[in-house]
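Visitor: So here's model26.cif (mmCIF, C-alpha atoms and all ligand atoms).
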data_final
#
loop_
_atom_site.label_atom_id
_atom_site.label_comp_id
_atom_site.auth_asym_id
_atom_site.auth_seq_id
_atom_site.Cartn_x
_atom_site.Cartn_y
_atom_site.Cartn_z
CA MET I 1 -73.70 -23.49 -9.24
CA MET I 2 -70.91 -26.03 -9.65
CA GLU I 3 -69.40 -23.93 -12.44
CA LEU I 4 -69.30 -20.91 -10.20
CA PHE I 5 -67.57 -22.97 -7.52
CA TYR I 6 -64.89 -24.14 -10.02
CA LEU I 7 -64.47 -20.59 -11.29
CA ILE I 8 -63.92 -19.21 -7.80
CA THR I 9 -61.57 -22.05 -6.85
CA SER I 10 -59.52 -21.55 -10.02
CA ALA I 11 -59.39 -17.80 -9.43
CA ILE I 12 -58.16 -18.35 -5.86
CA ALA I 13 -55.56 -20.89 -7.08
CA CYS I 14 -54.39 -18.40 -9.70
CA LEU I 15 -54.10 -15.57 -7.18
CA MET I 16 -52.18 -17.84 -4.80
CA ALA I 17 -49.79 -18.86 -7.58
CA ILE I 18 -49.20 -15.20 -8.52
CA ALA I 19 -48.63 -14.25 -4.86
CA PHE I 20 -46.20 -17.16 -4.46
CA ALA I 21 -44.31 -16.23 -7.63
CA MET I 22 -44.06 -12.58 -6.50
CA ARG I 23 -42.77 -13.64 -3.12
CA ALA I 24 -40.22 -15.96 -4.73
CA THR I 25 -39.01 -13.08 -6.95
CA ARG I 26 -38.70 -10.79 -3.91
CA VAL I 27 -36.73 -13.45 -2.01
CA GLU I 28 -34.50 -14.04 -5.03
CA ARG I 29 -33.87 -10.27 -5.43
CA ARG I 30 -33.04 -9.94 -1.75
CA ALA I 31 -30.68 -12.93 -1.91
CA LYS I 32 -28.90 -11.37 -4.92
CA LYS I 33 -28.58 -8.03 -3.08
CA LEU I 34 -27.19 -9.74 0.03
CA SER I 35 -24.74 -11.73 -2.06
CA ALA I 36 -23.51 -8.53 -3.82
CA GLU I 37 -23.10 -6.81 -0.43
CA LEU I 38 -21.17 -9.79 0.90
CA GLU I 39 -18.88 -9.80 -2.14
CA ALA I 40 -18.25 -6.02 -1.75
CA ALA I 41 -17.44 -6.52 1.97
CA ASN I 42 -15.03 -9.32 1.05
CA VAL I 43 -13.28 -7.15 -1.54
CA LEU I 44 -12.95 -4.36 1.06
CA LEU I 45 -11.58 -6.81 3.63
CA ARG I 46 -9.05 -8.19 1.15
CA GLU I 47 -7.95 -4.63 0.29
CA GLN I 48 -7.71 -3.64 3.96
CA ALA I 49 -5.54 -6.67 4.66
CA ARG I 50 -3.02 -5.26 2.17
CA ILE I 51 -3.05 -1.60 3.22
CA ASP I 52 -1.32 0.18 6.07
CA GLU I 53 -4.06 2.04 7.92
CA LEU I 54 -2.06 5.11 8.96
CA THR I 55 -0.38 5.96 5.66
CA GLY I 56 -2.72 4.35 3.13
CA LEU I 57 0.32 2.71 1.53
CA ALA I 58 0.65 -1.01 0.89
CA ASN I 59 1.65 -2.96 4.00
CA LEU I 60 4.61 -5.26 4.53
CA ARG I 61 2.62 -8.36 3.60
CA GLU I 62 1.66 -6.88 0.24
CA PHE I 63 5.25 -5.72 -0.33
CA GLU I 64 6.65 -9.20 0.34
CA GLU I 65 4.17 -10.80 -2.03
CA ARG I 66 4.88 -8.29 -4.82
CA LEU I 67 8.64 -8.59 -4.27
CA GLY I 68 8.23 -12.36 -4.75
CA TYR I 69 6.49 -11.83 -8.11
CA ALA I 70 9.00 -9.16 -9.18
CA TRP I 71 11.87 -11.46 -8.24
CA SER I 72 10.42 -14.34 -10.28
CA ASP I 73 10.07 -11.96 -13.23
CA HIS I 74 13.68 -10.80 -12.79
CA ALA I 75 14.89 -14.43 -12.63
CA ARG I 76 12.93 -15.34 -15.77
CA THR I 77 13.59 -12.28 -17.93
CA GLY I 78 16.81 -10.90 -16.47
CA HIS I 79 15.25 -7.44 -16.22
CA ALA I 80 16.76 -5.09 -13.65
CA LEU I 81 15.01 -4.67 -10.30
CA SER I 82 15.56 -2.02 -7.63
CA LEU I 83 14.53 -1.29 -4.06
CA VAL I 84 14.51 2.14 -2.43
CA LYS I 85 14.25 2.19 1.38
CA ILE I 86 13.34 5.36 3.23
CA ASP I 87 13.64 6.18 6.94
CA LEU I 88 12.52 9.48 8.48
CA ASP I 89 15.37 11.34 10.17
CA ARG I 90 15.28 11.84 13.96
CA PHE I 91 11.62 10.98 14.04
CA GLU I 92 11.73 10.18 17.73
CA TRP I 93 12.54 13.86 18.32
CA PHE I 94 9.62 14.89 16.09
CA ASN I 95 7.21 12.79 18.16
CA GLU I 96 8.60 14.10 21.43
CA HIS I 97 8.38 17.76 20.39
CA HIS I 98 5.21 17.86 18.33
CA GLY I 99 3.29 14.97 19.92
CA ARG I 100 2.45 11.50 18.64
CA ALA I 101 -0.68 12.69 16.78
CA ALA I 102 1.38 15.25 14.85
CA GLY I 103 3.90 12.46 14.22
CA ASP I 104 1.13 10.33 12.72
CA LYS I 105 0.07 13.22 10.49
CA ALA I 106 3.67 13.75 9.40
CA LEU I 107 4.02 10.06 8.50
CA HIS I 108 0.85 10.28 6.42
CA ALA I 109 2.02 13.49 4.69
CA VAL I 110 5.45 12.00 3.91
CA ALA I 111 3.80 8.87 2.47
CA GLN I 112 1.52 10.93 0.22
CA ALA I 113 4.39 13.15 -0.92
CA MET I 114 6.47 10.15 -1.91
CA ARG I 115 3.55 8.35 -3.53
CA GLY I 116 3.47 11.07 -6.19
CA VAL I 117 7.00 10.10 -7.26
CA VAL I 118 6.40 6.35 -7.63
CA GLU I 119 4.42 6.47 -10.83
CA ARG I 120 4.59 3.28 -12.88
CA PRO I 121 1.71 0.82 -12.46
CA THR I 122 4.18 -1.96 -11.62
CA ASP I 123 5.92 0.11 -8.90
CA LEU I 124 4.84 -0.29 -5.29
CA LEU I 125 5.36 1.97 -2.28
CA ALA I 126 4.84 0.25 1.07
CA ARG I 127 5.25 1.03 4.76
CA CYS I 128 7.53 -1.60 6.18
CA GLY I 129 7.08 -0.68 9.84
CA GLY I 130 7.52 2.33 12.15
CA ASP I 131 8.98 5.27 10.23
CA LYS I 132 10.34 3.14 7.37
CA MET I 133 8.96 2.80 3.85
CA VAL I 134 10.15 0.90 0.82
CA ALA I 135 9.61 1.28 -2.91
CA LEU I 136 9.72 -1.72 -5.24
CA LEU I 137 10.78 -0.66 -8.74
CA PRO I 138 10.68 -3.48 -11.30
CA ASN I 139 12.53 -2.96 -14.61
CA THR I 140 14.53 -0.13 -13.04
CA ASP I 141 18.32 0.04 -12.83
CA THR I 142 20.40 1.81 -10.16
CA GLU I 143 20.46 5.09 -12.06
CA GLY I 144 16.66 5.15 -12.39
CA ALA I 145 16.18 4.15 -8.75
CA GLU I 146 18.56 6.90 -7.57
CA PHE I 147 16.54 9.41 -9.56
CA VAL I 148 13.34 8.25 -7.85
CA ALA I 149 15.07 8.29 -4.44
CA GLU I 150 16.36 11.86 -4.87
CA ALA I 151 12.89 12.98 -6.00
CA MET I 152 11.33 11.38 -2.91
CA ALA I 153 13.79 13.09 -0.57
CA GLU I 154 13.08 16.43 -2.27
CA GLU I 155 9.31 16.00 -1.97
CA VAL I 156 9.69 15.40 1.77
CA ARG I 157 11.89 18.52 2.20
CA LYS I 158 9.25 20.51 0.34
CA LEU I 159 6.66 19.61 2.98
CA ARG I 160 8.61 21.89 5.34
CA LEU I 161 7.57 20.03 8.49
CA PRO I 162 9.42 21.82 11.33
CA HIS I 163 12.27 19.80 12.82
CA ASP I 164 15.07 21.49 14.79
CA GLU I 165 17.42 18.51 14.54
CA CYS I 166 17.27 18.11 10.76
CA ALA I 167 19.04 20.08 8.03
CA TYR I 168 17.50 23.54 7.41
CA GLY I 169 15.05 22.98 10.29
CA VAL I 170 12.69 20.74 8.30
CA LEU I 171 11.97 17.02 8.47
CA THR I 172 14.16 15.04 6.08
CA VAL I 173 14.65 11.40 5.11
CA SER I 174 17.61 9.11 4.58
CA VAL I 175 17.32 6.81 1.60
CA GLY I 176 19.07 3.59 0.57
CA VAL I 177 19.04 2.21 -2.98
CA ALA I 178 19.96 -1.31 -4.14
CA SER I 179 19.51 -2.97 -7.51
CA VAL I 180 20.04 -6.31 -9.18
CA SER I 181 21.37 -6.18 -12.70
CA PRO I 182 20.52 -8.77 -15.38
CA GLU I 183 23.76 -10.70 -14.87
CA ALA I 184 23.60 -10.82 -11.05
CA GLU I 185 23.20 -14.21 -9.44
CA THR I 186 21.94 -13.34 -5.99
CA GLY I 187 18.81 -14.03 -4.00
CA LYS I 188 16.14 -11.56 -2.99
CA ASP I 189 17.33 -11.64 0.63
CA THR I 190 20.70 -10.31 -0.56
CA LEU I 191 18.85 -7.41 -2.23
CA LEU I 192 16.90 -6.71 0.98
CA GLU I 193 20.11 -6.75 3.01
CA ALA I 194 21.87 -4.49 0.49
CA VAL I 195 19.14 -1.84 0.60
CA GLU I 196 19.11 -1.84 4.42
CA THR I 197 22.92 -1.48 4.48
CA ALA I 198 22.74 1.41 1.98
CA LEU I 199 20.11 3.09 4.15
CA GLN I 200 22.28 2.74 7.27
CA GLN I 201 25.21 4.22 5.31
CA ALA I 202 23.03 7.22 4.38
CA LYS I 203 22.25 7.65 8.11
CA THR I 204 25.88 7.33 9.17
CA ALA I 205 27.03 9.74 6.47
CA GLY I 206 24.87 12.48 8.03
CA ARG I 207 21.20 11.80 7.06
CA ASP I 208 19.14 13.79 4.50
CA ARG I 209 20.78 11.95 1.60
CA VAL I 210 20.51 9.07 -0.83
CA TYR I 211 23.08 6.27 -0.72
CA ALA I 212 23.26 3.58 -3.39
CA ALA I 213 24.76 0.14 -2.68
CA SER I 214 27.78 -0.48 -4.87
N1 LIG A 1 3.88 9.05 15.36
C1 LIG A 1 4.32 7.82 15.10
N2 LIG A 1 5.58 7.48 15.41
C2 LIG A 1 6.00 6.24 15.13
C3 LIG A 1 5.17 5.29 14.52
N3 LIG A 1 5.89 4.15 14.36
C4 LIG A 1 7.13 4.38 14.85
N4 LIG A 1 7.19 5.65 15.31
C5 LIG A 1 8.33 6.30 15.97
O1 LIG A 1 9.37 6.47 15.05
C6 LIG A 1 10.59 6.59 15.79
C7 LIG A 1 11.63 5.81 15.06
O2 LIG A 1 12.83 6.07 15.64
P1 LIG A 1 14.17 5.52 15.03
O3 LIG A 1 14.01 5.23 13.56
O4 LIG A 1 14.70 4.44 15.88
O5 LIG A 1 15.14 6.73 15.20
P2 LIG A 1 14.95 8.19 14.71
O6 LIG A 1 14.63 9.08 15.87
O7 LIG A 1 14.01 8.27 13.54
O8 LIG A 1 16.43 8.53 14.26
P3 LIG A 1 17.19 8.05 12.96
O9 LIG A 1 16.33 7.02 12.26
O10 LIG A 1 18.44 7.45 13.47
O11 LIG A 1 17.40 9.27 12.16
C8 LIG A 1 10.31 6.09 17.18
O12 LIG A 1 10.27 7.17 18.07
C9 LIG A 1 8.93 5.46 17.07
O13 LIG A 1 8.18 5.58 18.25
C10 LIG A 1 3.83 5.67 14.23
O14 LIG A 1 3.02 4.90 13.69
N5 LIG A 1 3.45 6.94 14.53
#
Could I get this structure in the form of structure tokens?
Guide:
Amino acid sequence: MMELFYLITSAIACLMAIAFAMRATRVERRAKKLSAELEAANVLLREQARIDELTGLANLREFEERLGYAWSDHARTGHALSLVKIDLDRFEWFNEHHGRAAGDKALHAVAQAMRGVVERPTDLLARCGGDKMVALLPNTDTEGAEFVAEAMAEEVRKLRLPHDECAYGVLTVSVGVASVSPEAETGKDTLLEAVETALQQAKTAGRDRVYAAS
């Protein structure tokens, strides 16, 4: 009788231990799943914090960080470094005549068209606010940057987005280019100012053109 009692008690203890172990495994599996989901959400959040929602390009924050790294590399190695700054021509008119939603679509289309031109893994195309975008081109001299800039302007023309106030009735862009050569002893703010000045010169000279800082 006693033996039977011990047998039953041991069997119950065994079953309880198995049930407990199974539950612990389930809890552990669930905790792992939740932790993986949390990590994925964090990665997504970090990516979103660096991307401009409308165009899908990098945002200004990401551009500034990458420019900092590229500048350090330039200072250390003396490699050339270029910036290309793009501004849509008469975009206020585009918004007024086609509507803000069409303007948003145009901005997105222009960004995608230009993205195809900026090819190297170390290059970065970012939206720097409103209808302005900027390309960071490490290890690229003025000649190379001008080539990229002309290709960008051509890709935008090829979109053939109707615009009565631009050349040939299609939306165009003005583009500024500025570079630092190996021997230059300037700061990155000087480069940023130079590319903005070149862009304004492209605007003043009649828009739909590339202007390189001398
Ligand atoms: N649809 C849309 N428009 C925007 C956005 N951000 C800025 N804009 C518009 O872009 C226009 C920028 O105008 P400006 O760059 O000052 O001038 P512009 O008409 O483009 O003329 P130029 O640059 O001198 O050729 C303004 O009308 C802004 O409202 C946006 O996210 N979506």
Visitor: When you count all atoms listed in the file, which of these residues is closest to ligand LIG 1 (chain A): I:Thr25, I:Asn95, I:Ser35, I:Thr197?
Guide: I:Asn95
Visitor: I:Thr55, I:Ser214, I:Ser181, I:Thr186: which is nearest ligand LIG 1 (chain A), counting all atoms listed in the file?
Guide: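 Of I:Thr55, I:Ser214, I:Ser181, I:Thr186, the one nearest ligand LIG 1 (chain A) is I:Thr55, counting all atoms listed in the file.
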Visitor: All residues within 7 Å of ligand LIG 1 (chain A) are required, counting all atoms listed in the file; please report them as a PyMOL selection string.
Guide: chain I and resi 54+87-93+95+100-104+107+129-131+203+207
Visitor: Figure out the distance between atom CA of I:Ala135 and atom CA of I:Glu47, please, to one decimal in Å.
Guide: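 Value for the atom CA of I:Glu47-atom CA of I:Ala135 distance: 18.8 Å.
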Visitor: Rounded to one decimal place, report the atom CA of I:Val148-atom CA of I:Val117 distance in Å.
Guide: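 Going from atom CA of I:Val148 over to atom CA of I:Val117 covers 6.6 Å.
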Visitor: Closest to I:Leu83 among I:Leu34, I:Ala212, I:Ile18, I:Ala24, using only C-alpha atoms?
Guide: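 That would be I:Ala212, the residue with the smallest distance to I:Leu83.
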Visitor: Suppose you want the space between atom CA of I:Glu64 and atom CA of I:Leu159; what is it in Å?
Guide: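 Interatomic distance, atom CA of I:Glu64 to atom CA of I:Leu159: 28.9 Å.
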Visitor: Given the choices I:His74, I:Lys188, I:Arg209, I:Lys33, which gets closest to I:Thr172 if the distance is worked out from only C-alpha atoms?
Guide: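 Checking each candidate against I:Thr172, we get I:Arg209 as the closest.
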Visitor: With distances taken over only C-alpha atoms, which of I:Thr122, I:Gly99, I:Cys128, I:Ala151 is nearest to I:Leu60?
Guide: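 Of I:Thr122, I:Gly99, I:Cys128, I:Ala151, the one nearest I:Leu60 is I:Cys128, counting only C-alpha atoms.
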Visitor: So which residues fall inside 8 Å of (16.8, -7.7, -17.9) if we count only C-alpha atoms? Mind giving them as JSON, numbers by chain?
Guide: {"I": [74, 77, 78, 79, 80, 139, 181, 182]}
Visitor: Any chance you can output those residues with C-alpha atoms as a compact mmCIF listing (two decimals), in the frame of the given file?
Guide:
# COMPACT_ATOMS: atom_id res chain seq x y z
CA HIS I 74 13.68 -10.80 -12.79
CA THR I 77 13.59 -12.28 -17.93
CA GLY I 78 16.81 -10.90 -16.47
CA HIS I 79 15.25 -7.44 -16.22
CA ALA I 80 16.76 -5.09 -13.65
CA ASN I 139 12.53 -2.96 -14.61
CA SER I 181 21.37 -6.18 -12.70
CA PRO I 182 20.52 -8.77 -15.38
Visitor: Any idea what's packed within 12 Å of I:Gly206, counting only C-alpha atoms, ignoring anything in its chain fewer than 2 positions away? Could you give it as a list in words?
Guide: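 Contacts, in chain order: Asp89, Arg90, Glu165, Cys166, Ala167, Thr172, Val173, Ser174, Val175, Leu199, Gln200, Gln201, Ala202, Lys203, Thr204, Asp208, Arg209, Val210 and Tyr211 of chain I.
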Visitor: So, with only C-alpha atoms as the atoms that count, which of I:Val180, I:Ala126, I:Arg61, I:Val118 lies closest to I:Ala75?
Guide: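 Of all the options, I:Val180 lies closest to I:Ala75.
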Visitor: Since the input lacks some atoms of stretch 195-206 of chain I, please model all heavy atoms and print them as a PDB file, keeping the file's coordinate frame.
Guide:
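Listing of part-v7.pdb after writing:
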ATOM      1  N   VAL I 195      19.848  -3.128   0.508  1.00  0.00           N
ATOM      2  CA  VAL I 195      19.140  -1.840   0.600  1.00  0.00           C
ATOM      3  C   VAL I 195      19.141  -1.322   2.037  1.00  0.00           C
ATOM      4  O   VAL I 195      19.246  -0.123   2.290  1.00  0.00           O
ATOM      5  CB  VAL I 195      17.715  -1.925  -0.022  1.00  0.00           C
ATOM      6  CG1 VAL I 195      16.703  -2.583   0.890  1.00  0.00           C
ATOM      7  CG2 VAL I 195      17.249  -0.541  -0.429  1.00  0.00           C
ATOM      8  N   GLU I 196      19.058  -2.251   3.007  1.00  0.00           N
ATOM      9  CA  GLU I 196      19.110  -1.840   4.420  1.00  0.00           C
ATOM     10  C   GLU I 196      20.498  -1.289   4.746  1.00  0.00           C
ATOM     11  O   GLU I 196      20.621  -0.266   5.428  1.00  0.00           O
ATOM     12  CB  GLU I 196      18.755  -3.051   5.323  1.00  0.00           C
ATOM     13  CG  GLU I 196      18.838  -2.785   6.817  1.00  0.00           C
ATOM     14  CD  GLU I 196      17.877  -1.698   7.332  1.00  0.00           C
ATOM     15  OE1 GLU I 196      16.790  -1.520   6.753  1.00  0.00           O
ATOM     16  OE2 GLU I 196      18.249  -1.007   8.320  1.00  0.00           O
ATOM     17  N   THR I 197      21.547  -1.956   4.239  1.00  0.00           N
ATOM     18  CA  THR I 197      22.920  -1.480   4.480  1.00  0.00           C
ATOM     19  C   THR I 197      23.105  -0.084   3.875  1.00  0.00           C
ATOM     20  O   THR I 197      23.669   0.811   4.512  1.00  0.00           O
ATOM     21  CB  THR I 197      23.940  -2.468   3.860  1.00  0.00           C
ATOM     22  OG1 THR I 197      23.672  -3.750   4.396  1.00  0.00           O
ATOM     23  CG2 THR I 197      25.369  -2.075   4.167  1.00  0.00           C
ATOM     24  N   ALA I 198      22.608   0.100   2.643  1.00  0.00           N
ATOM     25  CA  ALA I 198      22.740   1.410   1.980  1.00  0.00           C
ATOM     26  C   ALA I 198      22.027   2.493   2.798  1.00  0.00           C
ATOM     27  O   ALA I 198      22.536   3.607   2.973  1.00  0.00           O
ATOM     28  CB  ALA I 198      22.170   1.340   0.571  1.00  0.00           C
ATOM     29  N   LEU I 199      20.856   2.127   3.333  1.00  0.00           N
ATOM     30  CA  LEU I 199      20.110   3.090   4.150  1.00  0.00           C
ATOM     31  C   LEU I 199      20.904   3.466   5.406  1.00  0.00           C
ATOM     32  O   LEU I 199      21.007   4.648   5.771  1.00  0.00           O
ATOM     33  CB  LEU I 199      18.746   2.486   4.534  1.00  0.00           C
ATOM     34  CG  LEU I 199      17.911   3.238   5.574  1.00  0.00           C
ATOM     35  CD1 LEU I 199      17.580   4.657   5.104  1.00  0.00           C
ATOM     36  CD2 LEU I 199      16.612   2.497   5.873  1.00  0.00           C
ATOM     37  N   GLN I 200      21.492   2.456   6.060  1.00  0.00           N
ATOM     38  CA  GLN I 200      22.280   2.740   7.270  1.00  0.00           C
ATOM     39  C   GLN I 200      23.492   3.602   6.930  1.00  0.00           C
ATOM     40  O   GLN I 200      23.888   4.469   7.714  1.00  0.00           O
ATOM     41  CB  GLN I 200      22.712   1.438   7.957  1.00  0.00           C
ATOM     42  CG  GLN I 200      21.551   0.660   8.595  1.00  0.00           C
ATOM     43  CD  GLN I 200      20.565   1.550   9.369  1.00  0.00           C
ATOM     44  OE1 GLN I 200      20.957   2.466  10.096  1.00  0.00           O
ATOM     45  NE2 GLN I 200      19.272   1.321   9.179  1.00  0.00           N
ATOM     46  N   GLN I 201      24.067   3.390   5.726  1.00  0.00           N
ATOM     47  CA  GLN I 201      25.210   4.220   5.310  1.00  0.00           C
ATOM     48  C   GLN I 201      24.761   5.666   5.095  1.00  0.00           C
ATOM     49  O   GLN I 201      25.498   6.596   5.428  1.00  0.00           O
ATOM     50  CB  GLN I 201      25.846   3.630   4.043  1.00  0.00           C
ATOM     51  CG  GLN I 201      26.708   2.419   4.391  1.00  0.00           C
ATOM     52  CD  GLN I 201      27.107   1.608   3.177  1.00  0.00           C
ATOM     53  OE1 GLN I 201      26.348   1.479   2.220  1.00  0.00           O
ATOM     54  NE2 GLN I 201      28.300   1.042   3.200  1.00  0.00           N
ATOM     55  N   ALA I 202      23.566   5.852   4.562  1.00  0.00           N
ATOM     56  CA  ALA I 202      23.030   7.220   4.380  1.00  0.00           C
ATOM     57  C   ALA I 202      22.860   7.884   5.746  1.00  0.00           C
ATOM     58  O   ALA I 202      23.138   9.079   5.917  1.00  0.00           O
ATOM     59  CB  ALA I 202      21.709   7.175   3.631  1.00  0.00           C
ATOM     60  N   LYS I 203      22.414   7.112   6.736  1.00  0.00           N
ATOM     61  CA  LYS I 203      22.250   7.650   8.110  1.00  0.00           C
ATOM     62  C   LYS I 203      23.617   8.038   8.671  1.00  0.00           C
ATOM     63  O   LYS I 203      23.790   9.143   9.180  1.00  0.00           O
ATOM     64  CB  LYS I 203      21.612   6.593   9.022  1.00  0.00           C
ATOM     65  CG  LYS I 203      20.149   6.313   8.758  1.00  0.00           C
ATOM     66  CD  LYS I 203      19.236   7.267   9.486  1.00  0.00           C
ATOM     67  CE  LYS I 203      17.777   6.996   9.146  1.00  0.00           C
ATOM     68  NZ  LYS I 203      16.872   8.056   9.546  1.00  0.00           N
ATOM     69  N   THR I 204      24.557   7.093   8.580  1.00  0.00           N
ATOM     70  CA  THR I 204      25.880   7.330   9.170  1.00  0.00           C
ATOM     71  C   THR I 204      26.584   8.510   8.500  1.00  0.00           C
ATOM     72  O   THR I 204      27.317   9.255   9.153  1.00  0.00           O
ATOM     73  CB  THR I 204      26.762   6.053   9.022  1.00  0.00           C
ATOM     74  OG1 THR I 204      25.951   4.940   9.330  1.00  0.00           O
ATOM     75  CG2 THR I 204      27.949   6.066   9.958  1.00  0.00           C
ATOM     76  N   ALA I 205      26.343   8.671   7.203  1.00  0.00           N
ATOM     77  CA  ALA I 205      27.030   9.740   6.470  1.00  0.00           C
ATOM     78  C   ALA I 205      26.453  11.124   6.790  1.00  0.00           C
ATOM     79  O   ALA I 205      26.945  12.122   6.274  1.00  0.00           O
ATOM     80  CB  ALA I 205      26.934   9.470   4.976  1.00  0.00           C
ATOM     81  N   GLY I 206      25.383  11.178   7.612  1.00  0.00           N
ATOM     82  CA  GLY I 206      24.870  12.480   8.030  1.00  0.00           C
ATOM     83  C   GLY I 206      23.387  12.706   7.805  1.00  0.00           C
ATOM     84  O   GLY I 206      22.862  13.790   8.043  1.00  0.00           O
TER      85      GLY I 206
END
